[in-house]
file my_file-v1.txt (compact mmCIF, C-alpha atoms)
# COMPACT_ATOMS: atom_id res chain seq x y z
CA MET A 22 13.42 10.28 -1.71
CA TRP A 23 12.75 9.17 1.88
CA ARG A 24 10.87 12.40 2.47
CA ALA A 25 8.62 11.77 -0.50
CA MET A 26 7.93 8.21 0.63
CA GLY A 27 7.24 9.45 4.15
CA ALA A 28 4.89 12.07 2.77
CA LEU A 29 2.94 9.43 0.83
CA LEU A 30 2.71 7.17 3.88
CA MET A 31 1.47 10.01 6.10
CA ARG A 32 -1.10 11.03 3.51
CA ASP A 33 -2.38 7.47 3.10
CA LEU A 34 -2.75 7.04 6.84
CA ARG A 35 -4.43 10.43 7.16
CA LEU A 36 -6.92 9.41 4.46
CA ALA A 37 -7.53 6.12 6.26
CA ILE A 38 -8.24 7.96 9.52
CA ARG A 39 -10.52 10.37 7.69
CA HIS A 40 -12.46 7.44 6.27
CA GLY A 41 -12.84 6.25 9.86
CA GLY A 42 -15.52 3.58 9.67
CA GLU A 43 -14.11 2.05 6.52
CA SER A 44 -10.74 1.58 8.17
CA LEU A 45 -12.33 -0.19 11.12
CA MET A 46 -13.94 -2.77 8.81
CA PRO A 47 -11.13 -5.37 9.07
CA LEU A 48 -11.47 -5.45 12.86
CA ILE A 49 -15.25 -5.54 12.77
CA PHE A 50 -14.98 -8.34 10.27
CA LEU A 51 -12.54 -10.30 12.45
CA PHE A 52 -14.81 -10.11 15.45
CA ALA A 53 -17.94 -10.82 13.44
CA VAL A 54 -16.36 -14.12 12.37
CA ILE A 55 -15.06 -14.92 15.85
CA ILE A 56 -18.45 -14.26 17.44
CA LEU A 57 -20.72 -15.74 14.77
CA VAL A 58 -18.93 -19.02 14.09
CA PRO A 59 -19.30 -20.34 17.68
CA LEU A 60 -23.00 -19.55 17.40
CA GLY A 61 -23.10 -21.65 14.25
CA VAL A 62 -21.00 -24.64 15.25
CA GLY A 63 -21.67 -24.64 18.99
CA PRO A 64 -19.60 -23.13 21.81
CA GLY A 65 -17.81 -26.32 22.95
CA PRO A 66 -14.14 -25.63 23.82
CA THR A 67 -12.79 -28.81 22.14
CA LEU A 68 -14.30 -28.05 18.76
CA LEU A 69 -13.48 -24.35 18.90
CA SER A 70 -9.87 -24.80 19.95
CA ALA A 71 -9.43 -27.27 17.09
CA ILE A 72 -10.74 -24.87 14.45
CA ALA A 73 -9.34 -21.69 16.04
CA PRO A 74 -6.11 -21.42 13.97
CA GLY A 75 -7.97 -21.85 10.71
CA MET A 76 -10.73 -19.44 11.66
CA LEU A 77 -8.38 -16.70 12.82
CA TRP A 78 -6.39 -17.01 9.65
CA VAL A 79 -9.37 -17.07 7.32
CA ALA A 80 -10.71 -14.00 9.11
CA ALA A 81 -7.35 -12.23 8.66
CA LEU A 82 -7.32 -13.19 4.99
CA LEU A 83 -10.83 -11.94 4.27
CA ALA A 84 -10.17 -8.77 6.26
CA SER A 85 -7.18 -7.97 4.06
CA LEU A 86 -9.32 -8.53 0.95
CA LEU A 87 -11.86 -5.92 2.05
CA ALA A 88 -9.75 -2.86 1.37
CA LEU A 89 -8.06 -4.12 -1.80
CA GLU A 90 -10.60 -2.66 -4.19
CA HIS A 91 -9.64 0.78 -2.91
CA LEU A 92 -5.88 0.23 -2.91
CA PHE A 93 -5.15 1.94 -6.25
CA ARG A 94 -8.54 2.76 -7.81
CA PRO A 95 -9.23 6.12 -6.12
CA ASP A 96 -5.71 7.23 -7.08
CA LEU A 97 -6.31 6.21 -10.67
CA GLU A 98 -9.58 8.12 -10.78
CA ASP A 99 -8.39 11.39 -9.24
CA GLY A 100 -5.11 11.47 -11.18
CA THR A 101 -2.78 11.16 -8.21
CA LEU A 102 -1.55 7.78 -9.50
CA GLU A 103 -0.12 9.16 -12.75
CA GLN A 104 1.90 11.64 -10.70
CA TRP A 105 3.92 8.66 -9.43
CA TRP A 106 5.75 8.50 -12.75
CA LEU A 107 6.88 12.11 -12.65
CA GLY A 108 10.18 13.17 -11.33
CA HIS A 109 12.92 11.35 -9.59
CA LEU A 110 11.13 8.75 -7.50
CA PRO A 111 11.29 5.04 -8.23
CA VAL A 112 7.72 3.80 -8.59
CA ILE A 113 8.68 0.57 -6.83
CA GLY A 114 9.39 2.56 -3.68
CA LEU A 115 5.99 4.22 -3.84
CA VAL A 116 4.32 0.85 -4.45
CA PHE A 117 6.10 -0.43 -1.38
CA VAL A 118 4.83 2.48 0.68
CA ARG A 119 1.27 1.93 -0.51
CA LEU A 120 1.42 -1.78 0.36
CA LEU A 121 2.90 -0.92 3.75
CA SER A 122 0.02 1.42 4.50
CA HIS A 123 -2.43 -1.30 3.43
CA TRP A 124 -0.79 -3.66 5.91
CA LEU A 125 -0.82 -1.04 8.67
CA ILE A 126 -4.55 -0.54 8.12
CA THR A 127 -5.70 -4.15 7.60
CA GLY A 128 -2.97 -6.40 8.97
CA LEU A 129 -1.72 -4.66 12.08
CA PRO A 130 -5.11 -4.21 13.82
CA VAL A 131 -5.85 -7.91 13.29
CA ILE A 132 -2.48 -8.83 14.83
CA LEU A 133 -3.05 -6.52 17.79
CA PHE A 134 -6.44 -8.01 18.55
CA ALA A 135 -5.48 -11.61 17.76
CA PRO A 136 -4.67 -12.53 21.41
CA LEU A 137 -8.18 -11.46 22.44
CA ALA A 138 -9.76 -13.36 19.56
CA ALA A 139 -7.63 -16.40 20.37
CA GLN A 140 -8.89 -16.36 23.96
CA MET A 141 -12.48 -16.23 22.75
CA LEU A 142 -11.84 -19.40 20.71
CA TYR A 143 -10.05 -21.32 23.50
CA LEU A 144 -6.80 -21.48 21.54
CA PRO A 145 -4.24 -23.20 23.82
CA ASN A 146 -1.89 -20.66 25.37
CA GLU A 147 1.18 -22.53 24.08
CA ALA A 148 0.05 -21.75 20.52
CA LEU A 149 -0.49 -18.03 21.06
CA GLY A 150 3.15 -17.08 20.48
CA VAL A 151 3.28 -19.02 17.24
CA LEU A 152 -0.05 -17.54 16.14
CA MET A 153 1.36 -14.06 16.63
CA ILE A 154 4.55 -14.89 14.74
CA SER A 155 2.61 -16.52 11.90
CA LEU A 156 0.40 -13.42 11.63
CA LEU A 157 3.41 -11.11 11.71
CA ILE A 158 5.06 -13.00 8.85
CA GLY A 159 1.90 -13.93 7.00
CA THR A 160 -0.27 -10.80 6.88
CA PRO A 161 2.37 -8.79 4.96
CA ILE A 162 2.31 -11.58 2.35
CA LEU A 163 -1.47 -11.18 2.14
CA SER A 164 -1.09 -7.43 1.56
CA LEU A 165 1.56 -8.01 -1.10
CA ILE A 166 -0.36 -10.66 -3.04
CA GLY A 167 -3.56 -8.68 -2.70
CA GLY A 168 -1.78 -5.59 -3.97
CA LEU A 169 -0.63 -7.47 -7.04
CA ALA A 170 -4.17 -8.64 -7.77
CA ALA A 171 -5.51 -5.12 -7.20
CA ALA A 172 -2.98 -3.66 -9.63
CA LEU A 173 -3.73 -6.29 -12.27
CA THR A 174 -7.50 -5.79 -12.08
CA LEU A 175 -7.30 -2.00 -12.01
CA GLY A 176 -8.27 -1.67 -15.65
CA THR A 177 -11.41 -3.79 -15.35
CA ASN A 178 -14.66 -2.26 -14.24
CA ARG A 179 -15.77 -3.60 -10.91
CA GLY A 180 -12.79 -5.91 -10.70
CA SER A 181 -13.64 -7.31 -7.26
CA VAL A 182 -14.79 -10.73 -8.49
CA LEU A 183 -11.71 -11.18 -10.64
CA LEU A 184 -9.62 -9.86 -7.79
CA SER A 185 -10.86 -12.50 -5.35
CA ILE A 186 -10.38 -15.26 -7.93
CA LEU A 187 -6.79 -14.11 -8.45
CA VAL A 188 -6.01 -13.83 -4.75
CA PHE A 189 -7.43 -17.09 -3.41
CA PRO A 190 -5.15 -19.61 -5.16
CA LEU A 191 -2.08 -17.49 -4.43
CA VAL A 192 -2.71 -17.30 -0.69
CA VAL A 193 -3.38 -21.03 -0.24
CA PRO A 194 0.27 -21.79 0.66
CA VAL A 195 0.24 -18.98 3.22
CA LEU A 196 -2.91 -20.34 4.78
CA ILE A 197 -1.58 -23.92 4.86
CA PHE A 198 1.76 -23.09 6.46
CA ALA A 199 0.37 -20.54 8.88
CA THR A 200 -2.50 -22.63 10.21
CA GLY A 201 -0.20 -25.66 10.18
CA ALA A 202 2.26 -23.79 12.37
CA VAL A 203 -0.42 -22.84 14.89
CA SER A 204 -1.88 -26.35 14.94
CA VAL A 205 1.43 -28.10 15.61
CA ALA A 206 2.23 -25.51 18.27
CA ALA A 207 -1.11 -26.30 19.91
CA ASP A 208 0.01 -29.94 19.99
CA GLU A 209 3.22 -28.76 21.67
CA LEU A 210 5.44 -29.63 18.71
CA SER A 211 7.97 -27.37 17.01
CA ALA A 212 6.50 -25.03 14.41
CA ARG A 213 9.89 -23.99 13.11
CA ALA A 214 9.59 -25.73 9.72
CA HIS A 215 6.22 -24.10 8.97
CA LEU A 216 7.37 -20.67 10.06
CA THR A 217 10.59 -20.91 8.06
CA LEU A 218 8.65 -21.74 4.91
CA LEU A 219 6.31 -18.86 5.65
CA GLY A 220 9.34 -16.61 6.03
CA ALA A 221 10.66 -17.80 2.68
CA LEU A 222 7.33 -16.89 1.08
CA LEU A 223 7.54 -13.42 2.63
CA VAL A 224 11.05 -12.87 1.28
CA LEU A 225 9.93 -14.01 -2.16
CA ALA A 226 6.87 -11.77 -2.10
CA VAL A 227 8.71 -8.68 -0.81
CA THR A 228 11.34 -9.06 -3.52
CA LEU A 229 9.14 -9.72 -6.51
CA VAL A 230 5.71 -8.24 -5.88
CA PRO A 231 6.59 -4.50 -5.88
CA LEU A 232 8.28 -4.97 -9.28
CA ALA A 233 5.23 -6.72 -10.67
CA VAL A 234 2.83 -4.18 -9.16
CA ALA A 235 4.78 -1.28 -10.67
CA ALA A 236 4.63 -2.95 -14.09
CA ALA A 237 0.92 -3.72 -13.78
CA LEU A 238 0.12 -0.14 -12.74
CA LYS A 239 2.07 1.22 -15.67
CA LEU A 240 0.06 -0.99 -18.03
CA ASN A 241 -3.18 0.26 -16.56
CA ILE A 242 -2.13 3.90 -16.76
CA GLU A 243 -1.47 3.43 -20.46
CA MET B 5 20.38 27.87 -23.57
CA ALA B 6 20.06 24.69 -21.59
CA VAL B 7 17.87 22.00 -23.10
CA LEU B 8 15.52 20.77 -20.40
CA LEU B 9 13.60 18.14 -22.29
CA GLN B 10 14.14 16.45 -25.61
CA ALA B 11 12.05 14.00 -27.58
CA PHE B 12 13.44 11.99 -30.47
CA GLY B 13 10.96 10.57 -32.97
CA VAL B 14 8.34 9.81 -30.33
CA SER B 15 4.98 8.29 -31.03
CA PHE B 16 2.63 5.99 -29.20
CA GLN B 17 0.80 2.89 -30.33
CA ARG B 18 -2.78 2.27 -29.35
CA ALA B 19 -4.23 -1.08 -30.45
CA GLY B 20 -1.36 -1.41 -32.93
CA GLN B 21 -1.98 1.99 -34.52
CA ALA B 22 0.23 5.01 -34.09
CA VAL B 23 -1.69 7.81 -32.38
CA PHE B 24 0.31 10.43 -34.32
CA GLU B 25 3.26 10.62 -36.68
CA PRO B 26 6.63 10.34 -34.88
CA LEU B 27 7.85 13.81 -33.96
CA ASP B 28 10.95 15.50 -32.57
CA LEU B 29 10.77 18.22 -30.00
CA SER B 30 13.07 20.05 -27.64
CA LEU B 31 12.27 22.41 -24.80
CA LYS B 32 14.86 24.96 -23.77
CA ALA B 33 14.96 27.11 -20.68
CA GLY B 34 12.62 30.07 -21.10
CA GLN B 35 10.82 28.51 -24.04
CA ALA B 36 7.15 27.66 -24.42
CA ILE B 37 5.55 25.26 -26.87
CA VAL B 38 1.85 25.38 -27.56
CA VAL B 39 0.41 22.16 -28.93
CA LEU B 40 -2.55 22.80 -31.21
CA GLY B 41 -4.86 20.48 -33.07
CA PRO B 42 -8.38 19.06 -33.24
CA ASN B 43 -9.85 16.67 -30.66
CA GLY B 44 -8.34 13.22 -30.80
CA CYS B 45 -5.12 14.19 -32.55
CA GLY B 46 -3.00 13.08 -29.59
CA LYS B 47 -2.24 16.31 -27.71
CA THR B 48 -2.82 14.72 -24.32
CA THR B 49 -0.93 11.59 -25.33
CA LEU B 50 2.05 13.69 -26.42
CA LEU B 51 2.15 15.58 -23.12
CA ARG B 52 1.83 12.35 -21.13
CA LEU B 53 4.69 10.88 -23.17
CA LEU B 54 6.85 13.90 -22.42
CA ALA B 55 5.98 13.63 -18.72
CA GLY B 56 7.03 9.99 -18.60
CA ILE B 57 3.58 8.71 -17.64
CA LEU B 58 3.48 6.84 -20.94
CA SER B 59 6.47 5.14 -22.51
CA PRO B 60 7.00 6.15 -26.14
CA PHE B 61 7.06 3.56 -28.86
CA PRO B 62 8.94 4.18 -31.07
CA GLY B 63 11.29 6.94 -29.95
CA ARG B 64 12.66 8.16 -26.66
CA VAL B 65 12.35 11.12 -24.33
CA GLU B 66 15.22 12.62 -22.36
CA ARG B 67 14.37 14.69 -19.31
CA HIS B 68 17.15 16.85 -17.91
CA ALA B 69 15.11 18.64 -15.25
CA ALA B 70 12.30 17.99 -12.80
CA THR B 71 8.96 17.84 -14.58
CA ALA B 72 5.44 18.73 -13.51
CA PHE B 73 2.33 17.49 -15.29
CA LEU B 74 -1.15 18.92 -14.87
CA GLY B 75 -3.79 16.97 -16.74
CA HIS B 76 -7.58 16.73 -16.96
CA LEU B 77 -7.67 15.03 -13.58
CA PRO B 78 -7.08 17.34 -10.64
CA GLY B 79 -4.44 15.13 -9.02
CA VAL B 80 -5.57 16.03 -5.53
CA LYS B 81 -7.42 14.09 -2.85
CA GLY B 82 -10.99 15.29 -2.36
CA GLU B 83 -11.07 14.19 1.27
CA LEU B 84 -8.10 16.34 2.20
CA THR B 85 -8.22 20.10 2.60
CA CYS B 86 -6.55 22.36 0.03
CA ARG B 87 -3.74 23.09 2.44
CA GLU B 88 -3.14 19.40 3.22
CA ASN B 89 -3.06 18.59 -0.48
CA LEU B 90 -0.50 21.29 -1.19
CA HIS B 91 1.52 20.37 1.86
CA PHE B 92 1.69 16.80 0.56
CA LEU B 93 2.70 17.89 -2.96
CA ARG B 94 5.39 20.13 -1.52
CA ARG B 95 6.93 17.30 0.50
CA PHE B 96 6.44 14.78 -2.29
CA HIS B 97 8.17 16.78 -5.02
CA GLY B 98 10.78 18.60 -2.93
CA MET B 99 10.48 21.39 -0.44
CA ASP B 100 11.77 24.32 -2.51
CA GLY B 101 8.53 25.97 -3.62
CA LEU B 102 6.06 28.42 -2.11
CA GLU B 103 4.40 27.77 1.23
CA PRO B 104 0.93 26.22 0.71
CA ASP B 105 -0.87 29.31 2.00
CA ARG B 106 1.11 31.65 -0.22
CA ALA B 107 0.51 29.42 -3.24
CA LEU B 108 -3.22 29.47 -2.50
CA ALA B 109 -3.20 33.25 -2.27
CA ARG B 110 -1.26 33.45 -5.54
CA VAL B 111 -3.97 31.54 -7.44
CA GLY B 112 -6.84 33.43 -5.85
CA LEU B 113 -7.91 30.83 -3.31
CA ALA B 114 -6.79 32.73 -0.21
CA GLY B 115 -8.81 31.73 2.82
CA LEU B 116 -9.90 28.37 1.39
CA GLY B 117 -7.00 26.44 2.92
CA LEU B 118 -9.23 24.49 5.27
CA ARG B 119 -11.85 23.58 2.70
CA PRO B 120 -11.88 19.96 1.51
CA ALA B 121 -10.79 19.85 -2.13
CA ARG B 122 -13.98 18.02 -3.17
CA ALA B 123 -16.03 21.05 -2.08
CA LEU B 124 -14.35 23.28 -4.65
CA SER B 125 -15.95 24.22 -7.96
CA ALA B 126 -14.42 22.97 -11.21
CA GLY B 127 -12.63 26.27 -11.78
CA GLN B 128 -11.39 26.39 -8.20
CA LYS B 129 -10.06 22.84 -8.54
CA ARG B 130 -8.11 23.99 -11.61
CA ARG B 131 -6.68 26.83 -9.56
CA LEU B 132 -5.72 24.38 -6.82
CA GLY B 133 -3.91 22.34 -9.48
CA LEU B 134 -2.01 25.49 -10.52
CA ALA B 135 -1.11 26.10 -6.87
CA GLY B 136 0.31 22.57 -6.90
CA LEU B 137 2.75 23.70 -9.58
CA LEU B 138 3.97 26.49 -7.33
CA VAL B 139 4.60 24.57 -4.11
CA ALA B 140 7.50 22.59 -5.56
CA ARG B 141 9.87 24.15 -8.07
CA ARG B 142 10.05 22.10 -11.23
CA LYS B 143 11.63 23.53 -14.35
CA VAL B 144 9.44 21.87 -16.95
CA TRP B 145 5.68 22.36 -16.84
CA LEU B 146 3.52 20.14 -19.03
CA LEU B 147 -0.01 21.47 -18.94
CA ASP B 148 -2.93 19.76 -20.64
CA GLU B 149 -5.67 22.31 -21.37
CA PRO B 150 -4.71 24.66 -18.53
CA TYR B 151 -7.44 27.12 -19.53
CA ALA B 152 -10.29 24.61 -19.30
CA SER B 153 -13.10 25.60 -16.92
CA LEU B 154 -11.36 28.82 -15.90
CA ASP B 155 -13.02 32.26 -16.16
CA ASP B 156 -11.32 35.22 -17.86
CA ALA B 157 -9.49 36.20 -14.70
CA GLY B 158 -8.36 32.59 -14.36
CA GLY B 159 -7.05 32.60 -17.91
CA GLN B 160 -5.10 35.76 -17.17
CA LEU B 161 -3.76 34.14 -14.03
CA VAL B 162 -2.45 31.20 -16.08
CA ASP B 163 -0.75 33.64 -18.47
CA GLU B 164 0.84 35.48 -15.54
CA LEU B 165 2.10 32.29 -13.94
CA LEU B 166 3.49 31.09 -17.27
CA THR B 167 5.27 34.39 -17.93
CA GLU B 168 6.76 34.31 -14.44
CA HIS B 169 7.85 30.69 -14.86
CA LEU B 170 9.47 31.37 -18.24
CA GLY B 171 11.22 34.39 -16.73
CA GLN B 172 12.80 32.09 -14.14
CA ASP B 173 14.33 29.93 -16.89
CA GLY B 174 11.54 27.42 -16.73
CA SER B 175 9.88 25.99 -19.80
CA VAL B 176 6.34 25.04 -20.68
CA ALA B 177 4.56 22.78 -23.10
CA LEU B 178 0.82 23.21 -23.09
CA SER B 179 -2.12 22.17 -25.16
CA THR B 180 -5.12 24.36 -25.75
CA HIS B 181 -7.94 24.85 -28.15
CA GLN B 182 -9.74 27.78 -26.62
CA ARG B 183 -7.73 30.69 -25.42
CA GLN B 184 -4.33 31.38 -26.95
CA PRO B 185 -1.71 32.01 -24.30
CA GLN B 186 -0.48 35.60 -24.21
CA ILE B 187 2.99 35.09 -22.83
CA GLY B 188 5.32 37.05 -25.05
CA PRO B 189 7.37 36.16 -28.10
CA SER B 190 9.06 32.98 -26.92
CA VAL B 191 6.15 30.77 -27.99
CA GLU B 192 6.57 28.06 -30.55
CA LYS B 193 3.48 26.50 -32.09
CA LEU B 194 3.21 22.80 -32.81
CA HIS B 195 0.30 21.85 -35.05
CA MET B 196 -0.77 18.26 -34.83
CA ALA B 197 -2.75 16.76 -37.68
CA ALA B 198 -6.07 15.02 -37.26
CA PRO B 199 -5.68 11.25 -37.24
CA GLY B 200 -5.99 9.61 -40.65
CA PRO B 201 -8.85 7.24 -41.44
CA GLY B 202 -6.59 4.25 -40.75
CA GLU B 203 -4.79 2.08 -43.25
CA PRO B 204 -7.04 -0.32 -45.13
CA SER B 205 -5.93 -3.84 -44.33

call {"tool": "encode", "arguments": {"input": "my_file-v1.txt", "output": "C-alpha cells"}}
result
Amino acid sequence: MWRAMGALLMRDLRLAIRHGGESLMPLIFLFAVIILVPLGVGPGPTLLSAIAPGMLWVAALLASLLALEHLFRPDLEDGTLEQWWLGHLPVIGLVFVRLLSHWLITGLPVILFAPLAAQMLYLPNEALGVLMISLLIGTPILSLIGGLAAALTLGTNRGSVLLSILVFPLVVPVLIFATGAVSVAADELSARAHLTLLGALLVLAVTLVPLAVAAALKLNIE
Amino acid sequence: MAVLLQAFGVSFQRAGQAVFEPLDLSLKAGQAIVVLGPNGCGKTTLLRLLAGILSPFPGRVERHAATAFLGHLPGVKGELTCRENLHFLRRFHGMDGLEPDRALARVGLAGLGLRPARALSAGQKRRLGLAGLLVARRKVWLLDEPYASLDDAGGQLVDELLTEHLGQDGSVALSTHQRQPQIGPSVEKLHMAAPGPGEPS
C-alpha cells in the first residue's frame, strides 16, 4: 500500500516538473502581488508593514487556487482516476497523496519564499517566525479545502467559477486566524491563541476532507 | 475451480431507471465471459460495476482476486513516456508482473519505451493499455471493447494474451461487438438485451 501511494506521489511530482512553467505559477503569482501592490498603494514602510500579513496570505490563497482546476480533471479525462477504485487500495489514501502533492507544488514554494517576500513588504522581524508557522499550518488547509471544492465541481463543465465561490467562504476562518496571528506578533503580543485555532482547523480538515473528497469523486465517476 | 468474482442480482440506476435487468454472474479461474449486445444496453456499465468503479444498486459484487479494468480511456498519462507509465502501473498495482520493456515488446511496441504516450496512435495506445495488464499480475481482467481500434495483428495479439492469461488460471470478462474472441472452448456468452422504451408514467 505504501509503495502504491509512493508511486502516485512520485508520478504526480514528475508530471508537475514536466509541466515546468505551470508549476512555477504560484511563485510567479506571489511575487507579482508583492511587487505590484506597493506600486499601487505607495512604497511607504508604515503602510506596507501594516498590510503585509494580509497581502502575503491572500497571495498564498490565490496561488493555491490556481492549480485546483487541474487537481482531478486530467485524471478523470484520461481514465487514470477510475483506476483508483480497482484493487486493494483505499481511495482515501490516494486522495491524501494527491492533496499532499498539491501542497508540495503550491504551498511549499510559497512558504520557502515567504521570508524574502516579507522583507520586501517591511514585515517586522518579530512577526516572521509566526508568519512561517501560520503558513505551515494554514497552507495545507487551503489545499484540503480547495481539493474538496475541486472534487465537488469535477462533474461541471468549466467549474472554475463555481470552484472559487465554494472555496472563498470556507477559507475565511483560515485567513482571519492566520493574518490575525501575524498581526498580533508584529505588535509583539502572543499569537498562541490564533495559531492554536488554526491548528484545530487543520486537524479538522485533515480528518474529514479526504473522506468527503473520496465520496465526491465517486459520485462524479458515476 | 476457484471463483474469482461473483455478482448477485446486480444492476445500476441512472436517473431512477435501471440500465439493465438485474443479473447474476460468476467468473471462475480459467473462464472467459463475453458480453454481447447492441449499443447502449449497458455492457460498459456492467464491466465497471464488476470492477468496483461503480457501486451496484441493487445487488452486490464480491471480488476474491485482484482485478484489472481496461476501458475506453487509455488510463495512461500522455506527458509521460510509455516506459514511465508502465513503471508507475507496476509499482501501483504490485511488482509481480513483467518488466516494462518486456511488456512493451510483448505487445509489439518494442523500442517505443521513450516515446511520450500522447504521441502514440490510437491502436498503439490500446497496445500500451494491454501492456499495462501485463506489468502487474491480476487474476481478473475486465476488458471493455479490447479489439477497438486494433488491426488484425492486434486482434490476434489480444486473443494470444487472453489465451495465455486463461492458461495461468486467470479469468476474463470482455465486451465486444466486432471481432469474436478466438480463445478456445472455455468461453461463455452473455447476451444483454436492448433497453426497453421506458415505463410509461

call {"tool": "closest_residue", "arguments": {"input": "my_file-v1.txt", "among": "A:Ile242, A:Leu232, A:Leu184, A:Ile197", "to": "chain B", "atoms": "only C-alpha atoms"}}
result
A:Ile242

call {"tool": "residues_near_point", "arguments": {"input": "my_file-v1.txt", "point": "(1.5, 38.3, -23.1)", "cutoff": "9 Å", "atoms": "only C-alpha atoms", "output": "JSON list (two decimals) with C-alpha atoms, in the coordinates of the input"}}
result
[["chain", "number", "residue", "atom", "x", "y", "z"],
["B", 163, "ASP", "CA", -0.75, 33.64, -18.47],
["B", 164, "GLU", "CA", 0.84, 35.48, -15.54],
["B", 167, "THR", "CA", 5.27, 34.39, -17.93],
["B", 185, "PRO", "CA", -1.71, 32.01, -24.30],
["B", 186, "GLN", "CA", -0.48, 35.60, -24.21],
["B", 187, "ILE", "CA", 2.99, 35.09, -22.83],
["B", 188, "GLY", "CA", 5.32, 37.05, -25.05],
["B", 189, "PRO", "CA", 7.37, 36.16, -28.10]]

call {"tool": "interface_residues", "arguments": {"input": "my_file-v1.txt", "of": "chain A", "to": "chain B", "cutoff": "6 Å", "atoms": "all atoms listed in the file", "output": "VMD selection string"}}
result
chain A and resid 25 28 99 to 101 106 108

call {"tool": "write_last_selection", "arguments": {"input": "my_file-v1.txt", "atoms": "C-alpha atoms", "output": "PDB file, keeping the file's coordinate frame"}}
result
ATOM      1  CA  ALA A  25       8.620  11.770  -0.500  1.00  0.00           C
ATOM      2  CA  ALA A  28       4.890  12.070   2.770  1.00  0.00           C
ATOM      3  CA  ASP A  99      -8.390  11.390  -9.240  1.00  0.00           C
ATOM      4  CA  GLY A 100      -5.110  11.470 -11.180  1.00  0.00           C
ATOM      5  CA  THR A 101      -2.780  11.160  -8.210  1.00  0.00           C
ATOM      6  CA  TRP A 106       5.750   8.500 -12.750  1.00  0.00           C
ATOM      7  CA  GLY A 108      10.180  13.170 -11.330  1.00  0.00           C
TER       8      GLY A 108
END

call {"tool": "residues_around", "arguments": {"input": "my_file-v1.txt", "residues": "range 170-183 of chain A", "least_positions_apart": "5", "cutoff": "6 Å", "atoms": "all atoms listed in the file", "output": "list in words"}}
result
Val234, Ala237, Leu238 and Asn241 of chain A

call {"tool": "atom_distance", "arguments": {"input": "my_file-v1.txt", "atom1": "CA of Leu77 in chain A", "atom2": "CA of Gly167 in chain A"}}
result
18.1 Å

call {"tool": "residues_around", "arguments": {"input": "my_file-v1.txt", "residues": "range 114-123 of chain A", "least_positions_apart": "2", "cutoff": "7 Å", "atoms": "all atoms listed in the file", "output": "list in words"}}
result
Met26, Leu30, Asp33, Leu34, Pro111, Val112, Leu125, Ile126, Thr127, Ser164, Leu165, Gly168, Pro231 and Ala235 of chain A

call {"tool": "atom_distance", "arguments": {"input": "my_file-v1.txt", "atom1": "CA of Asp173 in chain B", "atom2": "CA of Lys143 in chain B"}}
result
7.4 Å

call {"tool": "residues_around", "arguments": {"input": "my_file-v1.txt", "residues": "His215 in chain A", "least_positions_apart": "3", "cutoff": "12 Å", "atoms": "all atoms listed in the file", "output": "JSON list (two decimals) with C-alpha atoms, in the coordinates of the input"}}
result
[["chain", "number", "residue", "atom", "x", "y", "z"],
["A", 151, "VAL", "CA", 3.28, -19.02, 17.24],
["A", 152, "LEU", "CA", -0.05, -17.54, 16.14],
["A", 154, "ILE", "CA", 4.55, -14.89, 14.74],
["A", 155, "SER", "CA", 2.61, -16.52, 11.90],
["A", 158, "ILE", "CA", 5.06, -13.00, 8.85],
["A", 159, "GLY", "CA", 1.90, -13.93, 7.00],
["A", 194, "PRO", "CA", 0.27, -21.79, 0.66],
["A", 195, "VAL", "CA", 0.24, -18.98, 3.22],
["A", 196, "LEU", "CA", -2.91, -20.34, 4.78],
["A", 197, "ILE", "CA", -1.58, -23.92, 4.86],
["A", 198, "PHE", "CA", 1.76, -23.09, 6.46],
["A", 199, "ALA", "CA", 0.37, -20.54, 8.88],
["A", 200, "THR", "CA", -2.50, -22.63, 10.21],
["A", 201, "GLY", "CA", -0.20, -25.66, 10.18],
["A", 202, "ALA", "CA", 2.26, -23.79, 12.37],
["A", 203, "VAL", "CA", -0.42, -22.84, 14.89],
["A", 204, "SER", "CA", -1.88, -26.35, 14.94],
["A", 205, "VAL", "CA", 1.43, -28.10, 15.61],
["A", 206, "ALA", "CA", 2.23, -25.51, 18.27],
["A", 210, "LEU", "CA", 5.44, -29.63, 18.71],
["A", 211, "SER", "CA", 7.97, -27.37, 17.01],
["A", 212, "ALA", "CA", 6.50, -25.03, 14.41],
["A", 218, "LEU", "CA", 8.65, -21.74, 4.91],
["A", 219, "LEU", "CA", 6.31, -18.86, 5.65],
["A", 220, "GLY", "CA", 9.34, -16.61, 6.03],
["A", 221, "ALA", "CA", 10.66, -17.80, 2.68],
["A", 222, "LEU", "CA", 7.33, -16.89, 1.08]]

call {"tool": "atom_distance", "arguments": {"input": "my_file-v1.txt", "atom1": "CA of Ser70 in chain A", "atom2": "CA of Pro47 in chain A"}}
result
22.3 Å

call {"tool": "closest_residue", "arguments": {"input": "my_file-v1.txt", "among": "B:Gly127, B:Pro120, B:Gly174, B:Gly13", "to": "Val65 in chain B", "atoms": "all atoms listed in the file"}}
result
B:Gly13
